>>> print(open('upload.json').read())   # JSON, N, CA, C and O atoms
[["chain", "number", "residue", "atom", "x", "y", "z"],
["A", 1, "GLN", "N", 6.29, 99.44, -4.48],
["A", 1, "GLN", "CA", 5.26, 98.97, -3.57],
["A", 1, "GLN", "C", 5.93, 98.39, -2.33],
["A", 1, "GLN", "O", 6.94, 97.72, -2.41],
["A", 2, "LYS", "N", 5.36, 98.62, -1.20],
["A", 2, "LYS", "CA", 5.88, 98.14, 0.07],
["A", 2, "LYS", "C", 5.50, 96.67, 0.28],
["A", 2, "LYS", "O", 4.41, 96.24, -0.07],
["A", 3, "PHE", "N", 6.44, 95.90, 0.87],
["A", 3, "PHE", "CA", 6.15, 94.51, 1.20],
["A", 3, "PHE", "C", 5.18, 94.46, 2.38],
["A", 3, "PHE", "O", 5.34, 95.17, 3.36],
["A", 4, "ILE", "N", 4.18, 93.60, 2.28],
["A", 4, "ILE", "CA", 3.16, 93.47, 3.32],
["A", 4, "ILE", "C", 3.52, 92.26, 4.18],
["A", 4, "ILE", "O", 3.43, 91.11, 3.74],
["A", 5, "GLU", "N", 3.96, 92.52, 5.40],
["A", 5, "GLU", "CA", 4.45, 91.47, 6.31],
["A", 5, "GLU", "C", 3.42, 90.38, 6.57],
["A", 5, "GLU", "O", 3.78, 89.21, 6.75],
["A", 6, "GLU", "N", 2.14, 90.72, 6.56],
["A", 6, "GLU", "CA", 1.09, 89.74, 6.81],
["A", 6, "GLU", "C", 1.07, 88.64, 5.74],
["A", 6, "GLU", "O", 0.53, 87.56, 5.95],
["A", 7, "ASN", "N", 1.67, 88.92, 4.59],
["A", 7, "ASN", "CA", 1.69, 87.93, 3.52],
["A", 7, "ASN", "C", 2.66, 86.78, 3.78],
["A", 7, "ASN", "O", 2.59, 85.75, 3.11],
["A", 8, "LEU", "N", 3.52, 86.92, 4.76],
["A", 8, "LEU", "CA", 4.44, 85.83, 5.10],
["A", 8, "LEU", "C", 3.66, 84.57, 5.47],
["A", 8, "LEU", "O", 4.01, 83.47, 5.04],
["A", 9, "ASN", "N", 2.59, 84.72, 6.22],
["A", 9, "ASN", "CA", 1.77, 83.57, 6.59],
["A", 9, "ASN", "C", 1.08, 82.95, 5.38],
["A", 9, "ASN", "O", 0.94, 81.73, 5.29],
["A", 10, "LYS", "N", 0.66, 83.77, 4.45],
["A", 10, "LYS", "CA", 0.03, 83.26, 3.23],
["A", 10, "LYS", "C", 1.03, 82.45, 2.41],
["A", 10, "LYS", "O", 0.69, 81.40, 1.86],
["A", 11, "ILE", "N", 2.25, 82.94, 2.33],
["A", 11, "ILE", "CA", 3.29, 82.22, 1.60],
["A", 11, "ILE", "C", 3.58, 80.88, 2.26],
["A", 11, "ILE", "O", 3.69, 79.84, 1.59],
["A", 12, "LYS", "N", 3.66, 80.88, 3.58],
["A", 12, "LYS", "CA", 3.90, 79.63, 4.31],
["A", 12, "LYS", "C", 2.78, 78.63, 4.05],
["A", 12, "LYS", "O", 3.03, 77.44, 3.85],
["A", 13, "GLU", "N", 1.54, 79.09, 4.06],
["A", 13, "GLU", "CA", 0.40, 78.22, 3.81],
["A", 13, "GLU", "C", 0.41, 77.67, 2.38],
["A", 13, "GLU", "O", 0.13, 76.49, 2.16],
["A", 14, "LEU", "N", 0.73, 78.53, 1.42],
["A", 14, "LEU", "CA", 0.82, 78.06, 0.03],
["A", 14, "LEU", "C", 1.90, 77.00, -0.11],
["A", 14, "LEU", "O", 1.70, 75.99, -0.79],
["A", 15, "ASN", "N", 3.04, 77.23, 0.49],
["A", 15, "ASN", "CA", 4.14, 76.28, 0.41],
["A", 15, "ASN", "C", 3.76, 74.95, 1.07],
["A", 15, "ASN", "O", 4.06, 73.88, 0.54],
["A", 16, "LYS", "N", 3.07, 75.03, 2.20],
["A", 16, "LYS", "CA", 2.62, 73.82, 2.89],
["A", 16, "LYS", "C", 1.65, 73.03, 2.00],
["A", 16, "LYS", "O", 1.78, 71.81, 1.85],
["A", 17, "LEU", "N", 0.70, 73.72, 1.40],
["A", 17, "LEU", "CA", -0.26, 73.09, 0.51],
["A", 17, "LEU", "C", 0.44, 72.46, -0.69],
["A", 17, "LEU", "O", 0.13, 71.33, -1.08],
["A", 18, "ARG", "N", 1.39, 73.16, -1.25],
["A", 18, "ARG", "CA", 2.15, 72.65, -2.40],
["A", 18, "ARG", "C", 2.86, 71.34, -2.05],
["A", 18, "ARG", "O", 2.83, 70.39, -2.82],
["A", 19, "LYS", "N", 3.45, 71.29, -0.86],
["A", 19, "LYS", "CA", 4.16, 70.08, -0.43],
["A", 19, "LYS", "C", 3.19, 68.94, -0.11],
["A", 19, "LYS", "O", 3.40, 67.81, -0.54],
["A", 20, "GLU", "N", 2.14, 69.24, 0.64],
["A", 20, "GLU", "CA", 1.17, 68.21, 1.06],
["A", 20, "GLU", "C", 0.47, 67.55, -0.13],
["A", 20, "GLU", "O", 0.23, 66.35, -0.13],
["A", 21, "LYS", "N", 0.12, 68.37, -1.11],
["A", 21, "LYS", "CA", -0.64, 67.87, -2.27],
["A", 21, "LYS", "C", 0.26, 67.49, -3.44],
["A", 21, "LYS", "O", -0.23, 67.13, -4.50],
["A", 22, "ASN", "N", 1.58, 67.62, -3.24],
["A", 22, "ASN", "CA", 2.56, 67.33, -4.29],
["A", 22, "ASN", "C", 2.23, 68.10, -5.57],
["A", 22, "ASN", "O", 2.16, 67.54, -6.66],
["A", 23, "LEU", "N", 1.97, 69.39, -5.41],
["A", 23, "LEU", "CA", 1.62, 70.27, -6.52],
["A", 23, "LEU", "C", 2.87, 70.95, -7.06],
["A", 23, "LEU", "O", 3.88, 71.07, -6.37],
["A", 24, "PHE", "N", 2.76, 71.40, -8.29],
["A", 24, "PHE", "CA", 3.88, 72.08, -8.93],
["A", 24, "PHE", "C", 3.42, 73.46, -9.39],
["A", 24, "PHE", "O", 2.81, 73.60, -10.45],
["A", 25, "PHE", "N", 3.67, 74.46, -8.56],
["A", 25, "PHE", "CA", 3.40, 75.84, -8.93],
["A", 25, "PHE", "C", 4.45, 76.72, -8.27],
["A", 25, "PHE", "O", 5.07, 76.34, -7.29],
["A", 26, "GLU", "N", 4.66, 77.87, -8.85],
["A", 26, "GLU", "CA", 5.64, 78.83, -8.35],
["A", 26, "GLU", "C", 4.95, 79.80, -7.39],
["A", 26, "GLU", "O", 3.79, 80.14, -7.58],
["A", 27, "ILE", "N", 5.71, 80.24, -6.40],
["A", 27, "ILE", "CA", 5.24, 81.29, -5.50],
["A", 27, "ILE", "C", 6.11, 82.51, -5.78],
["A", 27, "ILE", "O", 7.32, 82.47, -5.61],
["A", 28, "GLU", "N", 5.47, 83.58, -6.22],
["A", 28, "GLU", "CA", 6.18, 84.80, -6.60],
["A", 28, "GLU", "C", 5.79, 85.94, -5.67],
["A", 28, "GLU", "O", 4.62, 86.08, -5.32],
["A", 29, "VAL", "N", 6.78, 86.72, -5.29],
["A", 29, "VAL", "CA", 6.52, 87.93, -4.51],
["A", 29, "VAL", "C", 7.00, 89.11, -5.33],
["A", 29, "VAL", "O", 8.15, 89.16, -5.76],
["A", 30, "ASP", "N", 6.12, 90.06, -5.54],
["A", 30, "ASP", "CA", 6.41, 91.26, -6.31],
["A", 30, "ASP", "C", 5.94, 92.44, -5.48],
["A", 30, "ASP", "O", 4.75, 92.68, -5.36],
["A", 31, "GLY", "N", 6.89, 93.12, -4.89],
["A", 31, "GLY", "CA", 6.54, 94.29, -4.09],
["A", 31, "GLY", "C", 7.33, 94.33, -2.80],
["A", 31, "GLY", "O", 7.13, 93.50, -1.92],
["A", 32, "GLY", "N", 8.28, 95.22, -2.74],
["A", 32, "GLY", "CA", 9.04, 95.41, -1.51],
["A", 32, "GLY", "C", 10.13, 94.39, -1.27],
["A", 32, "GLY", "O", 10.67, 94.31, -0.17],
["A", 33, "VAL", "N", 10.47, 93.60, -2.27],
["A", 33, "VAL", "CA", 11.55, 92.62, -2.11],
["A", 33, "VAL", "C", 12.88, 93.35, -2.10],
["A", 33, "VAL", "O", 13.17, 94.16, -2.98],
["A", 34, "ASN", "N", 13.68, 93.07, -1.07],
["A", 34, "ASN", "CA", 14.98, 93.73, -0.95],
["A", 34, "ASN", "C", 16.02, 92.77, -0.38],
["A", 34, "ASN", "O", 15.72, 91.60, -0.12],
["A", 35, "THR", "N", 17.22, 93.27, -0.16],
["A", 35, "THR", "CA", 18.29, 92.41, 0.35],
["A", 35, "THR", "C", 18.05, 92.01, 1.80],
["A", 35, "THR", "O", 18.65, 91.04, 2.26],
["A", 36, "GLU", "N", 17.19, 92.69, 2.51],
["A", 36, "GLU", "CA", 16.90, 92.34, 3.90],
["A", 36, "GLU", "C", 15.85, 91.24, 4.04],
["A", 36, "GLU", "O", 15.94, 90.41, 4.92],
["A", 37, "ASN", "N", 14.85, 91.23, 3.18],
["A", 37, "ASN", "CA", 13.77, 90.24, 3.36],
["A", 37, "ASN", "C", 13.81, 89.08, 2.37],
["A", 37, "ASN", "O", 13.08, 88.11, 2.53],
["A", 38, "SER", "N", 14.68, 89.13, 1.38],
["A", 38, "SER", "CA", 14.68, 88.09, 0.36],
["A", 38, "SER", "C", 15.08, 86.72, 0.91],
["A", 38, "SER", "O", 14.51, 85.70, 0.51],
["A", 39, "LYS", "N", 16.02, 86.66, 1.84],
["A", 39, "LYS", "CA", 16.43, 85.38, 2.42],
["A", 39, "LYS", "C", 15.25, 84.72, 3.14],
["A", 39, "LYS", "O", 15.01, 83.53, 3.01],
["A", 40, "LYS", "N", 14.51, 85.50, 3.91],
["A", 40, "LYS", "CA", 13.34, 85.01, 4.62],
["A", 40, "LYS", "C", 12.29, 84.49, 3.62],
["A", 40, "LYS", "O", 11.71, 83.42, 3.81],
["A", 41, "LEU", "N", 12.05, 85.26, 2.57],
["A", 41, "LEU", "CA", 11.06, 84.86, 1.57],
["A", 41, "LEU", "C", 11.42, 83.53, 0.91],
["A", 41, "LEU", "O", 10.57, 82.66, 0.74],
["A", 42, "ILE", "N", 12.68, 83.35, 0.60],
["A", 42, "ILE", "CA", 13.15, 82.10, 0.00],
["A", 42, "ILE", "C", 13.00, 80.96, 1.00],
["A", 42, "ILE", "O", 12.54, 79.87, 0.65],
["A", 43, "SER", "N", 13.34, 81.21, 2.24],
["A", 43, "SER", "CA", 13.31, 80.15, 3.26],
["A", 43, "SER", "C", 11.90, 79.64, 3.54],
["A", 43, "SER", "O", 11.74, 78.50, 3.97],
["A", 44, "ILE", "N", 10.88, 80.44, 3.28],
["A", 44, "ILE", "CA", 9.51, 79.99, 3.54],
["A", 44, "ILE", "C", 8.80, 79.49, 2.29],
["A", 44, "ILE", "O", 7.63, 79.15, 2.34],
["A", 45, "GLY", "N", 9.53, 79.44, 1.16],
["A", 45, "GLY", "CA", 8.97, 78.80, -0.02],
["A", 45, "GLY", "C", 8.80, 79.63, -1.27],
["A", 45, "GLY", "O", 8.32, 79.13, -2.28],
["A", 46, "THR", "N", 9.19, 80.88, -1.24],
["A", 46, "THR", "CA", 9.07, 81.72, -2.42],
["A", 46, "THR", "C", 10.08, 81.27, -3.47],
["A", 46, "THR", "O", 11.24, 81.05, -3.16],
["A", 47, "ASN", "N", 9.62, 81.14, -4.72],
["A", 47, "ASN", "CA", 10.48, 80.72, -5.82],
["A", 47, "ASN", "C", 10.94, 81.87, -6.70],
["A", 47, "ASN", "O", 12.00, 81.80, -7.31],
["A", 48, "ILE", "N", 10.10, 82.88, -6.81],
["A", 48, "ILE", "CA", 10.39, 83.99, -7.71],
["A", 48, "ILE", "C", 10.30, 85.29, -6.91],
["A", 48, "ILE", "O", 9.29, 85.57, -6.27],
["A", 49, "LEU", "N", 11.37, 86.08, -6.96],
["A", 49, "LEU", "CA", 11.40, 87.37, -6.29],
["A", 49, "LEU", "C", 11.52, 88.47, -7.35],
["A", 49, "LEU", "O", 12.39, 88.40, -8.21],
["A", 50, "VAL", "N", 10.63, 89.44, -7.28],
["A", 50, "VAL", "CA", 10.67, 90.58, -8.19],
["A", 50, "VAL", "C", 11.13, 91.78, -7.38],
["A", 50, "VAL", "O", 10.50, 92.14, -6.40],
["A", 51, "SER", "N", 12.23, 92.37, -7.79],
["A", 51, "SER", "CA", 12.83, 93.44, -7.00],
["A", 51, "SER", "C", 13.18, 94.63, -7.88],
["A", 51, "SER", "O", 14.33, 94.78, -8.29],
["A", 52, "GLY", "N", 12.21, 95.44, -8.16],
["A", 52, "GLY", "CA", 12.44, 96.59, -9.03],
["A", 52, "GLY", "C", 13.04, 97.79, -8.31],
["A", 52, "GLY", "O", 14.16, 98.22, -8.62],
["A", 53, "SER", "N", 12.34, 98.32, -7.35],
["A", 53, "SER", "CA", 12.78, 99.54, -6.67],
["A", 53, "SER", "C", 14.11, 99.37, -5.96],
["A", 53, "SER", "O", 14.95, 100.27, -5.97],
["A", 54, "THR", "N", 14.31, 98.21, -5.35],
["A", 54, "THR", "CA", 15.57, 97.97, -4.64],
["A", 54, "THR", "C", 16.74, 98.10, -5.60],
["A", 54, "THR", "O", 17.78, 98.66, -5.24],
["A", 55, "ILE", "N", 16.57, 97.61, -6.80],
["A", 55, "ILE", "CA", 17.65, 97.69, -7.79],
["A", 55, "ILE", "C", 17.76, 99.10, -8.35],
["A", 55, "ILE", "O", 18.84, 99.70, -8.35],
["A", 56, "PHE", "N", 16.67, 99.65, -8.83],
["A", 56, "PHE", "CA", 16.72, 100.93, -9.53],
["A", 56, "PHE", "C", 16.98, 102.13, -8.63],
["A", 56, "PHE", "O", 17.45, 103.16, -9.10],
["A", 57, "LYS", "N", 16.72, 101.99, -7.34],
["A", 57, "LYS", "CA", 17.00, 103.09, -6.42],
["A", 57, "LYS", "C", 18.36, 102.93, -5.73],
["A", 57, "LYS", "O", 18.73, 103.75, -4.91],
["A", 58, "SER", "N", 19.08, 101.87, -6.07],
["A", 58, "SER", "CA", 20.38, 101.64, -5.43],
["A", 58, "SER", "C", 21.47, 102.47, -6.10],
["A", 58, "SER", "O", 21.30, 102.97, -7.22],
["A", 59, "ASP", "N", 22.59, 102.59, -5.42],
["A", 59, "ASP", "CA", 23.72, 103.31, -5.98],
["A", 59, "ASP", "C", 24.40, 102.53, -7.09],
["A", 59, "ASP", "O", 25.02, 103.11, -7.97],
["A", 60, "SER", "N", 24.31, 101.19, -7.02],
["A", 60, "SER", "CA", 24.94, 100.33, -8.02],
["A", 60, "SER", "C", 24.01, 99.18, -8.36],
["A", 60, "SER", "O", 23.83, 98.27, -7.57],
["A", 61, "PHE", "N", 23.44, 99.25, -9.57],
["A", 61, "PHE", "CA", 22.55, 98.17, -10.02],
["A", 61, "PHE", "C", 23.26, 96.83, -9.94],
["A", 61, "PHE", "O", 22.72, 95.85, -9.44],
["A", 62, "ILE", "N", 24.49, 96.78, -10.44],
["A", 62, "ILE", "CA", 25.24, 95.54, -10.53],
["A", 62, "ILE", "C", 25.48, 94.94, -9.15],
["A", 62, "ILE", "O", 25.27, 93.75, -8.94],
["A", 63, "GLU", "N", 25.91, 95.75, -8.21],
["A", 63, "GLU", "CA", 26.20, 95.25, -6.86],
["A", 63, "GLU", "C", 24.93, 94.77, -6.17],
["A", 63, "GLU", "O", 24.94, 93.74, -5.49],
["A", 64, "THR", "N", 23.85, 95.48, -6.34],
["A", 64, "THR", "CA", 22.59, 95.08, -5.71],
["A", 64, "THR", "C", 22.09, 93.78, -6.31],
["A", 64, "THR", "O", 21.63, 92.88, -5.58],
["A", 65, "ILE", "N", 22.18, 93.63, -7.61],
["A", 65, "ILE", "CA", 21.77, 92.38, -8.26],
["A", 65, "ILE", "C", 22.65, 91.22, -7.77],
["A", 65, "ILE", "O", 22.15, 90.13, -7.49],
["A", 66, "LYS", "N", 23.94, 91.45, -7.65],
["A", 66, "LYS", "CA", 24.85, 90.42, -7.14],
["A", 66, "LYS", "C", 24.45, 90.00, -5.73],
["A", 66, "LYS", "O", 24.42, 88.80, -5.41],
["A", 67, "LYS", "N", 24.14, 90.96, -4.87],
["A", 67, "LYS", "CA", 23.72, 90.65, -3.51],
["A", 67, "LYS", "C", 22.45, 89.79, -3.51],
["A", 67, "LYS", "O", 22.35, 88.81, -2.77],
["A", 68, "LEU", "N", 21.49, 90.18, -4.32],
["A", 68, "LEU", "CA", 20.23, 89.43, -4.38],
["A", 68, "LEU", "C", 20.45, 88.02, -4.91],
["A", 68, "LEU", "O", 19.87, 87.07, -4.40],
["A", 69, "LYS", "N", 21.30, 87.86, -5.89],
["A", 69, "LYS", "CA", 21.56, 86.54, -6.46],
["A", 69, "LYS", "C", 22.29, 85.64, -5.48],
["A", 69, "LYS", "O", 22.13, 84.42, -5.53],
["A", 70, "ASN", "N", 23.10, 86.21, -4.62],
["A", 70, "ASN", "CA", 23.88, 85.42, -3.68],
["A", 70, "ASN", "C", 23.14, 85.04, -2.41],
["A", 70, "ASN", "O", 23.68, 84.36, -1.56],
["A", 71, "ILE", "N", 21.91, 85.49, -2.28],
["A", 71, "ILE", "CA", 21.15, 85.21, -1.05],
["A", 71, "ILE", "C", 20.61, 83.81, -1.07],
["A", 71, "ILE", "O", 20.21, 83.22, -1.94]]
>>> encode(input="upload.json", output="C-alpha coordinates")
Amino acid sequence: QKFIEENLNKIKELNKLRKEKNLFFEIEVDGGVNTENSKKLISIGTNILVSGSTIFKSDSFIETIKKLKNI
(Lines of atoms letter the chains of each structure in order from A and count residues from 1; the text may use other names and numbers.)
(Lines give C-alpha, C1' and ligand atoms only; values in the text may rest on other atoms or scores of the structure.)
Protein backbone atom coordinates (compact mmCIF):
# COMPACT_ATOMS: atom_id res chain seq x y z
CA GLN A 1 0.00 0.00 0.00
CA LYS A 2 1.24 3.48 -0.82
CA PHE A 3 1.84 6.01 1.95
CA ILE A 4 -0.71 8.84 1.87
CA GLU A 5 1.13 12.15 2.40
CA GLU A 6 -2.02 13.89 3.63
CA ASN A 7 -1.88 11.67 6.72
CA LEU A 8 1.18 13.54 8.00
CA ASN A 9 -1.12 16.28 9.30
CA LYS A 10 -3.36 13.72 10.99
CA ILE A 11 -0.37 12.19 12.74
CA LYS A 12 0.79 15.62 13.91
CA GLU A 13 -2.68 16.37 15.28
CA LEU A 14 -2.87 13.03 17.08
CA ASN A 15 0.55 13.60 18.63
CA LYS A 16 -0.45 17.10 19.71
CA LEU A 17 -3.64 15.79 21.31
CA ARG A 18 -1.72 13.01 23.05
CA LYS A 19 0.69 15.54 24.57
CA GLU A 20 -1.93 18.17 25.50
CA LYS A 21 -4.24 15.67 27.20
CA ASN A 22 -1.39 13.59 28.67
CA LEU A 23 -2.80 10.49 26.98
CA PHE A 24 -1.05 7.20 26.47
CA PHE A 25 -1.68 5.64 23.08
CA GLU A 26 0.48 4.48 20.21
CA ILE A 27 0.44 6.00 16.74
CA GLU A 28 1.04 3.34 14.09
CA VAL A 29 1.58 3.77 10.38
CA ASP A 30 1.03 0.74 8.16
CA GLY A 31 1.38 1.37 4.47
CA GLY A 32 4.22 2.75 2.42
CA VAL A 33 6.72 3.02 5.27
CA ASN A 34 10.24 3.00 3.88
CA THR A 35 13.77 4.18 4.59
CA GLU A 36 12.98 7.58 3.06
CA ASN A 37 9.89 8.53 5.09
CA SER A 38 10.40 6.66 8.37
CA LYS A 39 12.58 9.37 9.96
CA LYS A 40 9.90 12.00 9.23
CA LEU A 41 7.17 9.74 10.62
CA ILE A 42 9.10 9.21 13.86
CA SER A 43 9.87 12.91 14.19
CA ILE A 44 6.18 13.86 14.09
CA GLY A 45 5.12 11.32 16.70
CA THR A 46 4.70 7.90 15.13
CA ASN A 47 5.58 5.10 17.56
CA ILE A 48 5.05 2.02 15.43
CA LEU A 49 6.12 1.63 11.81
CA VAL A 50 4.95 -1.33 9.73
CA SER A 51 7.15 -1.88 6.71
CA GLY A 52 6.30 -4.98 4.74
CA SER A 53 6.88 -4.24 1.08
CA THR A 54 10.03 -2.21 1.69
CA ILE A 55 11.59 -5.22 3.38
CA PHE A 56 10.25 -8.02 1.21
CA LYS A 57 10.93 -6.25 -2.09
CA SER A 58 14.49 -5.30 -1.11
CA ASP A 59 17.62 -7.07 -2.27
CA SER A 60 18.62 -7.78 1.34
CA PHE A 61 16.03 -8.21 4.08
CA ILE A 62 18.72 -7.96 6.75
CA GLU A 63 20.27 -4.75 5.44
CA THR A 64 16.90 -3.06 4.98
CA ILE A 65 15.80 -4.01 8.50
CA LYS A 66 19.11 -2.66 9.87
CA LYS A 67 18.57 0.64 8.04
CA LEU A 68 15.05 0.97 9.40
CA LYS A 69 16.15 0.16 12.95
CA ASN A 70 18.94 2.73 12.82
CA ILE A 71 16.68 5.60 11.77
>>> closest_residue(input="upload.json", among="A:Lys57, A:Lys16, A:Lys10, A:Lys2", to="Asp30 in chain A", atoms="all atoms listed in the file")
A:Lys2
>>> residues_around(input="upload.json", residues="Glu28 in chain A", least_positions_apart="5", cutoff="8 Å", atoms="only N, CA, C and O atoms", output="list in words")
Gly45, Thr46, Asn47, Ile48, Leu49 and Val50 of chain A
>>> select_by_dssp(input="upload.json", residues="range 13-60 of chain A", states="alpha helix (DSSP H)", output="ChimeraX atom specification")
/A:13-20,38-43,52-56
>>> axis_aligned_box(input="upload.json", around="range 26-41 of chain A", padding_each_side="4 Å", output="JSON")
{"center_x": 11.2, "center_y": 86.6, "center_z": -2.0, "size_x": 22.9, "size_y": 25.5, "size_z": 21.8}
>>> closest_residue(input="upload.json", among="A:Ser43, A:Asn22, A:Asn34, A:Asn7", to="Phe56 in chain A", atoms="only C-alpha atoms")
A:Asn34
>>> atom_distance(input="upload.json", atom1="CA of Lys67 in chain A", atom2="CA of Thr35 in chain A")
6.9 Å
>>> closest_residue(input="upload.json", among="A:Gln1, A:Lys21, A:Asp59, A:Asn9", to="Val33 in chain A", atoms="only C-alpha atoms")
A:Gln1
>>> closest_residue(input="upload.json", among="A:Gly31, A:Glu20, A:Phe25, A:Glu63", to="Phe3 in chain A", atoms="all atoms listed in the file")
A:Gly31
>>> closest_residue(input="upload.json", among="A:Ser60, A:Gly52, A:Leu41, A:Lys69", to="Lys12 in chain A", atoms="all atoms listed in the file")
A:Leu41
